[in-house]
>>> print(open('structure29.cif').read())   # mmCIF, C-alpha atoms
data_run
loop_
_atom_site.label_atom_id
_atom_site.label_comp_id
_atom_site.auth_asym_id
_atom_site.auth_seq_id
_atom_site.Cartn_x
_atom_site.Cartn_y
_atom_site.Cartn_z
CA MET U 1 -1.29 104.53 -21.55
CA LEU U 2 1.70 103.27 -19.54
CA GLU U 3 5.15 104.05 -20.92
CA SER U 4 6.00 101.26 -23.35
CA HIS U 5 8.98 98.91 -23.21
CA PRO U 6 9.54 95.44 -24.73
CA ILE U 7 7.67 92.72 -22.85
CA TYR U 8 8.53 89.04 -23.15
CA LEU U 9 5.64 86.63 -22.49
CA ASP U 10 7.08 83.52 -24.14
CA HIS U 11 9.15 81.95 -21.36
CA ASN U 12 7.97 78.43 -22.24
CA ALA U 13 9.84 78.80 -25.55
CA THR U 14 13.07 79.89 -23.86
CA THR U 15 14.24 82.04 -20.97
CA PRO U 16 16.91 84.73 -20.80
CA LEU U 17 20.26 83.61 -19.44
CA HIS U 18 20.55 84.59 -15.79
CA PRO U 19 23.35 87.16 -15.30
CA GLU U 20 24.94 85.04 -12.56
CA ALA U 21 25.04 82.05 -14.90
CA TYR U 22 26.59 84.20 -17.64
CA GLN U 23 29.25 85.52 -15.28
CA ALA U 24 30.16 82.02 -14.12
CA MET U 25 30.39 80.78 -17.72
CA GLU U 26 32.66 83.60 -18.87
CA ARG U 27 35.68 82.31 -16.94
CA PHE U 28 35.33 78.86 -18.50
CA HIS U 29 35.20 80.35 -21.98
CA LEU U 30 38.25 82.57 -21.56
CA GLN U 31 40.55 81.32 -18.78
CA ALA U 32 39.51 77.84 -17.58
CA PHE U 33 39.13 76.54 -21.14
CA GLY U 34 40.72 73.11 -20.73
CA ASN U 35 39.40 69.73 -21.80
CA PRO U 36 38.04 68.05 -18.65
CA SER U 37 39.44 64.69 -19.78
CA ASN U 38 43.03 65.97 -19.48
CA SER U 39 44.99 65.38 -16.28
CA HIS U 40 47.06 68.59 -16.42
CA TRP U 41 46.13 71.81 -14.64
CA ALA U 42 43.90 73.11 -17.43
CA GLY U 43 41.94 69.87 -17.58
CA ARG U 44 41.66 69.64 -13.79
CA THR U 45 40.29 73.19 -13.58
CA ALA U 46 37.70 72.47 -16.27
CA ARG U 47 36.70 69.20 -14.60
CA ALA U 48 36.29 70.93 -11.24
CA GLY U 49 33.90 73.44 -12.81
CA MET U 50 31.99 70.69 -14.58
CA GLU U 51 31.58 68.60 -11.44
CA GLN U 52 30.45 71.63 -9.47
CA GLY U 53 27.75 72.13 -12.10
CA ARG U 54 26.79 68.47 -11.84
CA ARG U 55 26.40 68.78 -8.05
CA GLN U 56 24.20 71.86 -8.43
CA VAL U 57 21.93 70.21 -11.01
CA ALA U 58 21.69 67.04 -8.92
CA ALA U 59 20.65 69.06 -5.87
CA LEU U 60 17.67 70.54 -7.73
CA PHE U 61 16.31 67.03 -8.28
CA GLY U 62 17.24 65.55 -4.90
CA THR U 63 19.73 63.04 -6.23
CA SER U 64 23.43 62.20 -6.36
CA PRO U 65 25.72 63.89 -8.90
CA ALA U 66 26.58 60.43 -10.28
CA ASN U 67 22.99 60.18 -11.54
CA VAL U 68 23.25 63.27 -13.80
CA LEU U 69 24.29 62.64 -17.41
CA PHE U 70 24.89 65.81 -19.44
CA THR U 71 23.53 66.05 -23.00
CA ALA U 72 23.17 68.78 -25.63
CA GLY U 73 19.60 69.51 -24.52
CA GLY U 74 16.22 68.09 -23.60
CA SER U 75 15.55 66.46 -26.97
CA GLU U 76 18.76 64.48 -26.80
CA ALA U 77 18.01 63.48 -23.20
CA ASP U 78 14.58 62.18 -24.26
CA ASN U 79 16.14 60.23 -27.12
CA LEU U 80 18.85 58.78 -24.88
CA ALA U 81 16.23 57.56 -22.42
CA ILE U 82 13.88 56.09 -25.03
CA HIS U 83 16.46 54.41 -27.24
CA GLY U 84 18.53 53.40 -24.24
CA VAL U 85 15.67 51.76 -22.35
CA VAL U 86 14.14 50.08 -25.41
CA HIS U 87 17.51 48.56 -26.29
CA ALA U 88 18.47 47.61 -22.74
CA ARG U 89 15.11 45.92 -22.06
CA ARG U 90 14.47 44.40 -25.47
CA ALA U 91 14.52 40.85 -24.04
CA GLN U 92 11.72 41.75 -21.59
CA GLY U 93 9.19 43.04 -24.12
CA ARG U 94 8.44 45.74 -26.68
CA HIS U 95 5.26 47.43 -25.42
CA VAL U 96 5.52 51.19 -24.75
CA VAL U 97 2.87 53.55 -23.37
CA SER U 98 2.72 57.32 -23.88
CA THR U 99 0.25 60.13 -24.65
CA PRO U 100 -0.57 61.95 -27.91
CA LEU U 101 0.40 65.30 -26.33
CA GLU U 102 4.07 64.55 -25.71
CA HIS U 103 6.80 66.78 -27.11
CA PRO U 104 7.97 65.65 -30.57
CA ALA U 105 11.30 64.58 -29.05
CA VAL U 106 9.32 61.83 -27.32
CA LEU U 107 6.34 61.22 -29.61
CA GLU U 108 8.17 61.26 -32.94
CA THR U 109 10.92 59.03 -31.54
CA LEU U 110 8.33 56.51 -30.36
CA ARG U 111 6.47 56.64 -33.68
CA PHE U 112 9.75 56.09 -35.51
CA LEU U 113 10.50 53.00 -33.43
CA ALA U 114 6.93 51.76 -33.86
CA ALA U 115 7.14 52.19 -37.65
CA LEU U 116 10.26 50.02 -37.62
CA GLU U 117 8.34 47.49 -35.49
CA VAL U 118 10.94 47.81 -32.75
CA ILE U 119 8.16 48.66 -30.28
CA GLU U 120 4.39 48.35 -29.99
CA LEU U 121 3.01 51.77 -29.02
CA SER U 122 -0.15 52.51 -27.03
CA LEU U 123 -1.29 56.15 -26.68
CA LEU U 124 -3.57 57.09 -23.79
CA GLY U 125 -6.61 59.32 -24.17
CA VAL U 126 -6.67 62.84 -22.71
CA ASP U 127 -9.46 65.15 -21.54
CA ASN U 128 -10.20 68.74 -22.59
CA GLN U 129 -7.31 70.06 -20.50
CA GLY U 130 -4.86 67.44 -21.70
CA GLN U 131 -5.06 65.38 -18.52
CA LEU U 132 -4.77 61.60 -18.64
CA ASP U 133 -6.88 58.99 -16.83
CA LEU U 134 -4.85 56.95 -14.34
CA ALA U 135 -7.38 54.13 -14.54
CA GLU U 136 -6.76 53.87 -18.28
CA LEU U 137 -3.01 53.78 -17.68
CA ALA U 138 -3.43 51.00 -15.13
CA ALA U 139 -5.59 49.04 -17.57
CA VAL U 140 -3.19 49.35 -20.51
CA LEU U 141 -0.05 48.27 -18.63
CA ARG U 142 1.00 44.69 -19.44
CA SER U 143 3.63 42.20 -18.38
CA ASP U 144 5.61 43.09 -21.52
CA THR U 145 5.34 46.88 -21.05
CA ILE U 146 8.94 48.04 -20.85
CA LEU U 147 8.53 51.82 -20.97
CA VAL U 148 6.02 54.51 -20.03
CA ALA U 149 6.96 57.97 -21.38
CA ILE U 150 4.82 60.80 -19.98
CA MET U 151 5.78 64.43 -19.42
CA ALA U 152 5.65 66.27 -16.11
CA ALA U 153 3.97 69.33 -17.62
CA HIS U 154 2.53 70.17 -21.03
CA ASN U 155 4.50 72.87 -22.80
CA GLU U 156 1.47 74.62 -24.31
CA LEU U 157 -1.40 74.07 -21.88
CA GLY U 158 0.70 74.03 -18.71
CA THR U 159 -1.14 70.93 -17.50
CA LEU U 160 0.69 69.18 -14.64
CA TYR U 161 0.59 65.39 -14.74
CA PRO U 162 0.33 63.13 -11.64
CA VAL U 163 3.96 62.04 -11.74
CA THR U 164 3.98 60.24 -8.38
CA GLU U 165 0.85 58.23 -9.21
CA ILE U 166 2.18 57.35 -12.68
CA ALA U 167 5.44 56.21 -11.08
CA ARG U 168 3.57 54.02 -8.59
CA LEU U 169 1.67 52.24 -11.37
CA CYS U 170 4.86 51.76 -13.39
CA LYS U 171 6.73 50.34 -10.43
CA ALA U 172 3.91 47.87 -9.71
CA SER U 173 3.98 46.63 -13.31
CA GLY U 174 7.76 46.65 -13.72
CA ALA U 175 7.75 49.30 -16.47
CA HIS U 176 10.43 51.98 -16.71
CA PHE U 177 8.95 55.48 -16.25
CA HIS U 178 10.64 58.16 -18.33
CA CYS U 179 9.44 61.66 -17.49
CA ASP U 180 10.05 64.58 -19.84
CA GLY U 181 10.66 67.31 -17.27
CA VAL U 182 11.85 69.98 -19.69
CA GLN U 183 8.93 72.35 -19.18
CA ALA U 184 8.41 71.63 -15.47
CA ALA U 185 11.97 71.78 -14.16
CA GLY U 186 12.62 74.95 -12.21
CA LYS U 187 8.92 75.87 -12.16
CA THR U 188 7.48 73.10 -9.99
CA PRO U 189 9.14 70.57 -7.65
CA LEU U 190 10.60 67.48 -9.35
CA ALA U 191 12.64 65.01 -7.32
CA LEU U 192 13.94 61.47 -7.62
CA SER U 193 11.65 60.62 -4.70
CA ASP U 194 8.67 61.23 -7.04
CA GLY U 195 9.42 57.78 -8.46
CA TRP U 196 10.48 58.41 -12.06
CA ASP U 197 13.35 56.34 -13.43
CA THR U 198 14.72 58.90 -15.90
CA LEU U 199 14.05 62.62 -16.25
CA ALA U 200 14.93 64.86 -19.21
CA VAL U 201 15.88 68.49 -18.48
CA SER U 202 16.95 71.47 -20.61
CA ALA U 203 18.94 74.37 -19.16
CA HIS U 204 17.53 77.10 -21.41
CA LYS U 205 14.03 76.60 -19.97
CA LEU U 206 15.24 77.59 -16.48
CA TYR U 207 17.47 80.61 -17.20
CA GLY U 208 20.51 78.58 -18.18
CA PRO U 209 22.34 78.52 -21.53
CA LYS U 210 21.10 76.90 -24.72
CA GLY U 211 22.79 73.75 -25.97
CA ILE U 212 23.02 71.93 -22.65
CA GLY U 213 20.64 69.60 -20.85
CA CYS U 214 20.77 66.40 -18.89
CA LEU U 215 19.20 63.04 -18.25
CA VAL U 216 18.79 62.26 -14.57
CA ARG U 217 18.52 58.54 -13.89
CA ARG U 218 17.69 56.40 -10.91
CA PRO U 219 20.67 54.35 -9.65
CA GLY U 220 20.73 50.94 -11.29
CA VAL U 221 18.87 51.99 -14.46
CA GLU U 222 20.55 50.38 -17.45
CA LEU U 223 20.90 52.43 -20.63
CA TYR U 224 22.67 52.07 -23.94
CA PRO U 225 24.46 55.09 -25.46
CA LEU U 226 22.86 57.05 -28.27
CA ILE U 227 26.14 58.75 -29.23
CA ARG U 228 29.20 56.50 -29.24
CA GLY U 229 32.87 57.41 -29.24
CA GLY U 230 34.78 58.45 -26.13
CA GLY U 231 33.96 57.34 -22.62
CA GLN U 232 32.49 60.63 -21.38
CA GLU U 233 29.43 60.70 -19.10
CA GLN U 234 29.98 57.16 -17.81
CA GLY U 235 30.28 55.87 -21.36
CA LEU U 236 26.73 56.95 -22.19
CA ARG U 237 27.32 60.23 -24.07
CA ALA U 238 30.46 60.53 -26.15
CA GLY U 239 32.02 63.90 -26.94
CA THR U 240 34.01 66.56 -25.11
CA GLU U 241 31.75 68.06 -22.49
CA ASN U 242 30.36 71.58 -22.86
CA VAL U 243 32.02 72.87 -19.70
CA PRO U 244 30.84 76.53 -19.87
CA GLY U 245 27.31 75.30 -20.57
CA ILE U 246 27.42 72.89 -17.64
CA VAL U 247 28.73 75.62 -15.34
CA GLY U 248 25.91 77.96 -16.39
CA PHE U 249 23.36 75.15 -16.06
CA GLY U 250 24.56 74.49 -12.52
CA VAL U 251 24.23 78.11 -11.43
CA ALA U 252 20.77 78.39 -13.03
CA ALA U 253 19.65 75.17 -11.32
CA GLU U 254 20.82 76.39 -7.93
CA LEU U 255 19.01 79.71 -8.36
CA ALA U 256 15.84 77.94 -9.54
CA GLY U 257 15.83 75.71 -6.48
CA ARG U 258 16.36 78.65 -4.16
CA GLU U 259 13.46 80.64 -5.64
CA LEU U 260 11.07 77.80 -6.52
CA SER U 261 8.42 78.32 -3.85
CA SER U 262 8.31 82.12 -3.83
CA GLU U 263 8.46 82.43 -7.60
CA SER U 264 5.68 79.87 -8.05
CA ALA U 265 3.33 81.85 -5.79
CA ARG U 266 4.23 85.16 -7.45
CA LEU U 267 3.73 83.87 -10.99
CA THR U 268 0.45 82.16 -10.14
CA ALA U 269 -0.96 85.46 -8.89
CA LEU U 270 0.25 87.28 -12.02
CA ARG U 271 -1.17 84.58 -14.30
CA GLU U 272 -4.61 84.90 -12.70
CA ARG U 273 -4.50 88.69 -13.04
CA LEU U 274 -3.66 88.27 -16.71
CA PHE U 275 -6.57 85.92 -17.33
CA THR U 276 -8.98 88.22 -15.49
CA GLY U 277 -7.81 91.13 -17.63
CA ILE U 278 -8.23 89.21 -20.89
CA ARG U 279 -11.71 88.07 -19.85
CA GLU U 280 -12.69 91.68 -19.17
CA LEU U 281 -11.46 92.65 -22.64
CA TYR U 282 -12.94 89.63 -24.43
CA PRO U 283 -15.69 87.86 -22.45
CA GLN U 284 -15.90 85.03 -25.02
CA VAL U 285 -12.40 83.86 -24.06
CA LYS U 286 -12.04 80.14 -23.33
CA ARG U 287 -9.41 79.04 -20.84
CA ASN U 288 -7.68 75.88 -22.06
CA SER U 289 -5.16 75.65 -19.22
CA PRO U 290 -6.29 74.02 -15.97
CA GLU U 291 -6.93 76.43 -13.12
CA THR U 292 -5.23 74.30 -10.47
CA ALA U 293 -2.98 71.48 -11.76
CA CYS U 294 -1.07 73.90 -13.97
CA LEU U 295 2.38 75.42 -14.31
CA PRO U 296 2.33 78.68 -12.34
CA ASN U 297 3.55 80.76 -15.28
CA THR U 298 1.40 79.38 -18.12
CA LEU U 299 -1.90 80.61 -19.56
CA HIS U 300 -3.34 79.09 -22.74
CA VAL U 301 -6.58 80.56 -24.08
CA SER U 302 -8.77 80.54 -27.17
CA LEU U 303 -10.31 83.74 -28.49
CA PRO U 304 -13.16 82.68 -30.82
CA GLY U 305 -13.55 85.01 -33.78
CA ILE U 306 -9.96 86.25 -33.50
CA ASP U 307 -7.11 85.42 -35.87
CA ALA U 308 -4.31 84.63 -33.43
CA ALA U 309 -1.62 85.18 -36.07
CA LEU U 310 -2.87 88.73 -36.68
CA LEU U 311 -3.24 89.38 -32.95
CA LEU U 312 0.30 88.19 -32.23
CA ALA U 313 1.66 90.30 -35.09
CA GLU U 314 -0.07 93.42 -33.73
CA MET U 315 1.16 92.66 -30.21
CA ASP U 316 4.67 92.12 -31.53
CA ARG U 317 4.55 95.42 -33.42
CA ARG U 318 3.76 97.10 -30.09
CA GLY U 319 6.54 95.29 -28.23
CA VAL U 320 4.88 92.22 -26.67
CA ALA U 321 6.37 88.82 -27.54
CA ALA U 322 3.98 85.88 -27.14
CA SER U 323 3.07 82.80 -29.15
CA ALA U 324 0.25 80.64 -30.39
CA GLY U 325 1.98 77.48 -29.17
CA SER U 326 5.22 75.58 -28.91
CA ALA U 327 8.24 77.08 -30.67
CA CYS U 328 9.51 73.53 -31.22
CA HIS U 329 6.55 72.48 -33.34
CA THR U 330 4.45 75.48 -34.30
CA GLY U 331 2.08 74.28 -37.01
CA SER U 332 0.62 70.87 -37.70
CA ALA U 333 1.95 68.97 -34.67
CA SER U 334 0.86 71.72 -32.31
CA THR U 335 -2.58 71.90 -33.93
CA SER U 336 -2.93 68.13 -33.72
CA ALA U 337 -2.31 68.24 -29.98
CA LEU U 338 -4.97 70.91 -29.51
CA VAL U 339 -7.48 68.97 -31.61
CA ARG U 340 -6.95 66.13 -29.13
CA ILE U 341 -8.34 68.27 -26.32
CA GLY U 342 -11.49 69.06 -28.30
CA LEU U 343 -10.89 72.57 -29.65
CA ASP U 344 -12.99 73.38 -32.71
CA ALA U 345 -11.63 75.17 -35.79
CA ASP U 346 -12.59 78.63 -34.53
CA GLU U 347 -10.99 78.03 -31.14
CA LEU U 348 -7.87 76.59 -32.75
CA HIS U 349 -7.50 79.64 -34.97
CA GLY U 350 -7.61 81.94 -31.95
CA THR U 351 -5.23 80.20 -29.53
CA LEU U 352 -2.78 82.22 -27.51
CA ARG U 353 -0.10 80.99 -25.10
CA LEU U 354 1.21 83.51 -22.60
CA SER U 355 4.06 82.28 -20.41
CA LEU U 356 5.47 84.50 -17.67
CA GLY U 357 8.89 84.48 -16.07
CA ARG U 358 11.31 85.87 -13.53
CA GLY U 359 11.37 89.25 -15.26
CA THR U 360 7.58 89.60 -15.52
CA HIS U 361 5.98 92.10 -13.13
CA ALA U 362 2.50 93.52 -12.56
CA ARG U 363 3.34 96.64 -14.57
CA ASP U 364 4.24 94.45 -17.56
CA LEU U 365 0.87 92.74 -17.44
CA GLU U 366 -1.06 96.00 -17.25
CA MET U 367 0.86 97.28 -20.26
CA SER U 368 0.30 93.98 -22.08
CA LEU U 369 -3.43 94.18 -21.45
CA GLU U 370 -3.50 97.70 -22.89
CA ILE U 371 -1.68 96.44 -25.98
CA ILE U 372 -4.01 93.44 -26.32
CA ALA U 373 -6.96 95.84 -26.08
CA GLU U 374 -5.49 97.91 -28.93
CA SER U 375 -4.70 94.83 -31.02
CA LEU U 376 -7.95 92.86 -30.69
CA PRO U 377 -10.05 95.06 -33.03
CA LEU U 378 -7.38 94.62 -35.72
CA ALA U 379 -7.41 90.83 -35.43
CA HIS U 380 -11.11 90.06 -35.90
CA GLU U 381 -11.77 87.50 -38.60
CA ASP U 382 -13.87 88.75 -41.50
#
>>> encode(input="structure29.cif", output="structure tokens")
Amino acid sequence: MLESHPIYLDHNATTPLHPEAYQAMERFHLQAFGNPSNSHWAGRTARAGMEQGRRQVAALFGTSPANVLFTAGGSEADNLAIHGVVHARRAQGRHVVSTPLEHPAVLETLRFLAALEVIELSLLGVDNQGQLDLAELAAVLRSDTILVAIMAAHNELGTLYPVTEIARLCKASGAHFHCDGVQAAGKTPLALSDGWDTLAVSAHKLYGPKGIGCLVRRPGVELYPLIRGGGQEQGLRAGTENVPGIVGFGVAAELAGRELSSESARLTALRERLFTGIRELYPQVKRNSPETACLPNTLHVSLPGIDAALLLAEMDRRGVAASAGSACHTGSASTSALVRIGLDADELHGTLRLSLGRGTHARDLEMSLEIIAESLPLAHED
């Protein structure tokens, strides 16, 4: 057996902070600690760092820095977009379209508004890989549809959605297209030219710090603030800005953009090697992730006859960190999403999500496969 060391295969849950981002942040924690709203030297230094971060994030998405609104994370960005658009366009209608596989930050927010009868919600169907039908979307859009909220990539399955085509349909109907880009950003190209109107992003999914994210908006998009108070972030997000977080986010975004193409190809090759290895160990494996329209780092499988909780525990005991699904909603919501794609009870019980990252190398996968081989016999259901 290869010499063992801890292996992290849960990058869709969070990523390690890039050392360059950490180094950049340190100065703004210890020396350049000012409030960016102040006009004195300390405030000016902090604001300069913050605006540099804004420029770096904007560049990743092919837009102007003025279109980047910083938030505390992806969930807040989703909420700002949904509440902001629904309020700003309330005179135009109340119909909203989404999918049943969205992250809870989107789906639970929409269900909350629907329960209050603020909106009328239509959820599209999905196939066995979580993909939507563009013809169904076109058919469900109405003159009073004010918002379409669909993610760029599914956080468990890795399914990539046809963002440009969705945007085209929304533009033709006059609906605002909000795209949850949290899982896709930094892994696959996302740009304002794709046609979305707002995009939610979280730094900790792309090797930036936790507690910072942003909403990128198309120029001219009207929003109402979710958090009121001071006039920060163009009056749309009150509160003293998290300058060290923004600085780290900016560095991480710049690095992600620089490595996007090469890292995508590398991770795709590793992902396919991992699936081949699992299939050799367990021929009954079912691949739930798409083979093509998929995040390069994500593999979601079902192992019929295996208790995934036991398997993950055995893998963890041997140093491999992986998951059965989303860390944000492990349990009923995650299971509900997988039921939607047609998994039966046995397949649901044996689901495994393996998500690779910048620090994953071929040697790690070979070691992981050895550990999976050791763990499988201990995870068979009675």
>>> closest_atom_pairs(input="structure29.cif", of="stretch 130-207 of chain U", to="stretch 249-269 of chain U", cutoff="9 Å", atoms="only C-alpha atoms", output="CSV")
residue,atom,partner,partner_atom,distance
U:Ala185,CA,U:Ala256,CA,8.6
U:Gly186,CA,U:Ala256,CA,5.1
U:Lys187,CA,U:Leu260,CA,6.3
U:Thr188,CA,U:Leu260,CA,6.9
U:Pro189,CA,U:Leu260,CA,7.6
U:Ser202,CA,U:Phe249,CA,8.7
U:Ala203,CA,U:Phe249,CA,5.5
U:His204,CA,U:Phe249,CA,8.1
U:Leu206,CA,U:Ala252,CA,6.6
U:Tyr207,CA,U:Ala252,CA,5.8
>>> closest_residue(input="structure29.cif", among="U:Asp133, U:Gln183, U:Asp144, U:Leu378", to="U:Ile166", atoms="all atoms listed in the file")
U:Asp133
>>> residues_around(input="structure29.cif", residues="U:His11", least_positions_apart="3", cutoff="8 Å", atoms="all atoms listed in the file", output="PDB file with C-alpha atoms, keeping the file's coordinate frame")
ATOM      1  CA  TYR U   8       8.530  89.040 -23.150  1.00  0.00           C
ATOM      2  CA  THR U  14      13.070  79.890 -23.860  1.00  0.00           C
ATOM      3  CA  THR U  15      14.240  82.040 -20.970  1.00  0.00           C
ATOM      4  CA  LYS U 205      14.030  76.600 -19.970  1.00  0.00           C
ATOM      5  CA  SER U 355       4.060  82.280 -20.410  1.00  0.00           C
ATOM      6  CA  LEU U 356       5.470  84.500 -17.670  1.00  0.00           C
ATOM      7  CA  GLY U 357       8.890  84.480 -16.070  1.00  0.00           C
TER       8      GLY U 357
END
>>> atom_distance(input="structure29.cif", atom1="atom CA of U:Glu156", atom2="atom CA of U:Thr292")
15.4 Å
>>> residues_around(input="structure29.cif", residues="stretch 107-110 of chain U", least_positions_apart="6", cutoff="8 Å", atoms="all atoms listed in the file", output="MDAnalysis selection string")
chainID U and resid 79 82 98:101 119 121
>>> atom_distance(input="structure29.cif", atom1="atom CA of U:Asp10", atom2="atom CA of U:Val339")
21.9 Å
>>> resolve_selection(input="structure29.cif", expression="the PyMOL selection byres ((chain U and resi 178) around 12)", output="PDB file with C-alpha atoms, keeping the file's coordinate frame")
ATOM      1  CA  ALA U  77      18.010  63.480 -23.200  1.00  0.00           C
ATOM      2  CA  ASP U  78      14.580  62.180 -24.260  1.00  0.00           C
ATOM      3  CA  ASN U  79      16.140  60.230 -27.120  1.00  0.00           C
ATOM      4  CA  LEU U  80      18.850  58.780 -24.880  1.00  0.00           C
ATOM      5  CA  ALA U  81      16.230  57.560 -22.420  1.00  0.00           C
ATOM      6  CA  ILE U  82      13.880  56.090 -25.030  1.00  0.00           C
ATOM      7  CA  HIS U  83      16.460  54.410 -27.240  1.00  0.00           C
ATOM      8  CA  GLY U  84      18.530  53.400 -24.240  1.00  0.00           C
ATOM      9  CA  VAL U  85      15.670  51.760 -22.350  1.00  0.00           C
ATOM     10  CA  VAL U  86      14.140  50.080 -25.410  1.00  0.00           C
ATOM     11  CA  VAL U  96       5.520  51.190 -24.750  1.00  0.00           C
ATOM     12  CA  VAL U  97       2.870  53.550 -23.370  1.00  0.00           C
ATOM     13  CA  SER U  98       2.720  57.320 -23.880  1.00  0.00           C
ATOM     14  CA  GLU U 102       4.070  64.550 -25.710  1.00  0.00           C
ATOM     15  CA  VAL U 106       9.320  61.830 -27.320  1.00  0.00           C
ATOM     16  CA  ILE U 146       8.940  48.040 -20.850  1.00  0.00           C
ATOM     17  CA  LEU U 147       8.530  51.820 -20.970  1.00  0.00           C
ATOM     18  CA  VAL U 148       6.020  54.510 -20.030  1.00  0.00           C
ATOM     19  CA  ALA U 149       6.960  57.970 -21.380  1.00  0.00           C
ATOM     20  CA  ILE U 150       4.820  60.800 -19.980  1.00  0.00           C
ATOM     21  CA  MET U 151       5.780  64.430 -19.420  1.00  0.00           C
ATOM     22  CA  ALA U 152       5.650  66.270 -16.110  1.00  0.00           C
ATOM     23  CA  VAL U 163       3.960  62.040 -11.740  1.00  0.00           C
ATOM     24  CA  ILE U 166       2.180  57.350 -12.680  1.00  0.00           C
ATOM     25  CA  ALA U 167       5.440  56.210 -11.080  1.00  0.00           C
ATOM     26  CA  CYS U 170       4.860  51.760 -13.390  1.00  0.00           C
ATOM     27  CA  LYS U 171       6.730  50.340 -10.430  1.00  0.00           C
ATOM     28  CA  ALA U 175       7.750  49.300 -16.470  1.00  0.00           C
ATOM     29  CA  HIS U 176      10.430  51.980 -16.710  1.00  0.00           C
ATOM     30  CA  PHE U 177       8.950  55.480 -16.250  1.00  0.00           C
ATOM     31  CA  CYS U 179       9.440  61.660 -17.490  1.00  0.00           C
ATOM     32  CA  ASP U 180      10.050  64.580 -19.840  1.00  0.00           C
ATOM     33  CA  GLY U 181      10.660  67.310 -17.270  1.00  0.00           C
ATOM     34  CA  VAL U 182      11.850  69.980 -19.690  1.00  0.00           C
ATOM     35  CA  LEU U 192      13.940  61.470  -7.620  1.00  0.00           C
ATOM     36  CA  ASP U 194       8.670  61.230  -7.040  1.00  0.00           C
ATOM     37  CA  GLY U 195       9.420  57.780  -8.460  1.00  0.00           C
ATOM     38  CA  TRP U 196      10.480  58.410 -12.060  1.00  0.00           C
ATOM     39  CA  ASP U 197      13.350  56.340 -13.430  1.00  0.00           C
ATOM     40  CA  THR U 198      14.720  58.900 -15.900  1.00  0.00           C
ATOM     41  CA  LEU U 199      14.050  62.620 -16.250  1.00  0.00           C
ATOM     42  CA  ALA U 200      14.930  64.860 -19.210  1.00  0.00           C
ATOM     43  CA  VAL U 201      15.880  68.490 -18.480  1.00  0.00           C
ATOM     44  CA  LEU U 215      19.200  63.040 -18.250  1.00  0.00           C
ATOM     45  CA  VAL U 216      18.790  62.260 -14.570  1.00  0.00           C
ATOM     46  CA  ARG U 217      18.520  58.540 -13.890  1.00  0.00           C
ATOM     47  CA  ARG U 218      17.690  56.400 -10.910  1.00  0.00           C
ATOM     48  CA  VAL U 221      18.870  51.990 -14.460  1.00  0.00           C
ATOM     49  CA  LEU U 223      20.900  52.430 -20.630  1.00  0.00           C
TER      50      LEU U 223
END
>>> closest_residue(input="structure29.cif", among="U:Leu60, U:Leu365, U:Met315, U:Ala138", to="U:Arg271", atoms="all atoms listed in the file")
U:Leu365
>>> resolve_selection(input="structure29.cif", expression="the PyMOL selection byres ((chain U and resi 37) around 10)", output="ChimeraX atom specification")
/U:34-36,38-40,42-44,46-47,231-232,240-241
>>> decode(input="structure29.cif", residues="stretch 287-297 of chain U", atoms="N, CA and C atoms", output="PDB file, in the first residue's frame")
ATOM      1  N   ARG U 287     -23.236   5.817 -12.019  1.00  0.00           N
ATOM      2  CA  ARG U 287     -22.755   7.201 -12.106  1.00  0.00           C
ATOM      3  C   ARG U 287     -23.955   8.138 -12.212  1.00  0.00           C
ATOM      4  N   ASN U 288     -24.104   9.033 -11.250  1.00  0.00           N
ATOM      5  CA  ASN U 288     -25.208   9.988 -11.266  1.00  0.00           C
ATOM      6  C   ASN U 288     -24.820  11.303 -11.927  1.00  0.00           C
ATOM      7  N   SER U 289     -23.545  11.641 -11.885  1.00  0.00           N
ATOM      8  CA  SER U 289     -23.057  12.853 -12.545  1.00  0.00           C
ATOM      9  C   SER U 289     -23.050  12.659 -14.055  1.00  0.00           C
ATOM     10  N   PRO U 290     -23.319  13.711 -14.820  1.00  0.00           N
ATOM     11  CA  PRO U 290     -23.166  13.614 -16.276  1.00  0.00           C
ATOM     12  C   PRO U 290     -21.699  13.375 -16.640  1.00  0.00           C
ATOM     13  N   GLU U 291     -21.474  12.746 -17.775  1.00  0.00           N
ATOM     14  CA  GLU U 291     -20.100  12.512 -18.216  1.00  0.00           C
ATOM     15  C   GLU U 291     -19.514  13.730 -18.912  1.00  0.00           C
ATOM     16  N   THR U 292     -20.363  14.546 -19.533  1.00  0.00           N
ATOM     17  CA  THR U 292     -19.851  15.682 -20.306  1.00  0.00           C
ATOM     18  C   THR U 292     -20.196  17.022 -19.660  1.00  0.00           C
ATOM     19  N   ALA U 293     -21.467  17.385 -19.613  1.00  0.00           N
ATOM     20  CA  ALA U 293     -21.873  18.689 -19.058  1.00  0.00           C
ATOM     21  C   ALA U 293     -21.802  18.637 -17.539  1.00  0.00           C
ATOM     22  N   CYS U 294     -20.565  18.619 -17.028  1.00  0.00           N
ATOM     23  CA  CYS U 294     -20.346  18.393 -15.592  1.00  0.00           C
ATOM     24  C   CYS U 294     -19.158  19.218 -15.110  1.00  0.00           C
ATOM     25  N   LEU U 295     -19.206  19.649 -13.864  1.00  0.00           N
ATOM     26  CA  LEU U 295     -18.043  20.287 -13.266  1.00  0.00           C
ATOM     27  C   LEU U 295     -16.843  19.356 -13.374  1.00  0.00           C
ATOM     28  N   PRO U 296     -15.675  19.871 -13.716  1.00  0.00           N
ATOM     29  CA  PRO U 296     -14.519  18.996 -13.936  1.00  0.00           C
ATOM     30  C   PRO U 296     -14.057  18.240 -12.705  1.00  0.00           C
ATOM     31  N   ASN U 297     -14.411  18.735 -11.529  1.00  0.00           N
ATOM     32  CA  ASN U 297     -13.882  18.144 -10.292  1.00  0.00           C
ATOM     33  C   ASN U 297     -14.855  17.216  -9.583  1.00  0.00           C
TER      34      ASN U 297
END
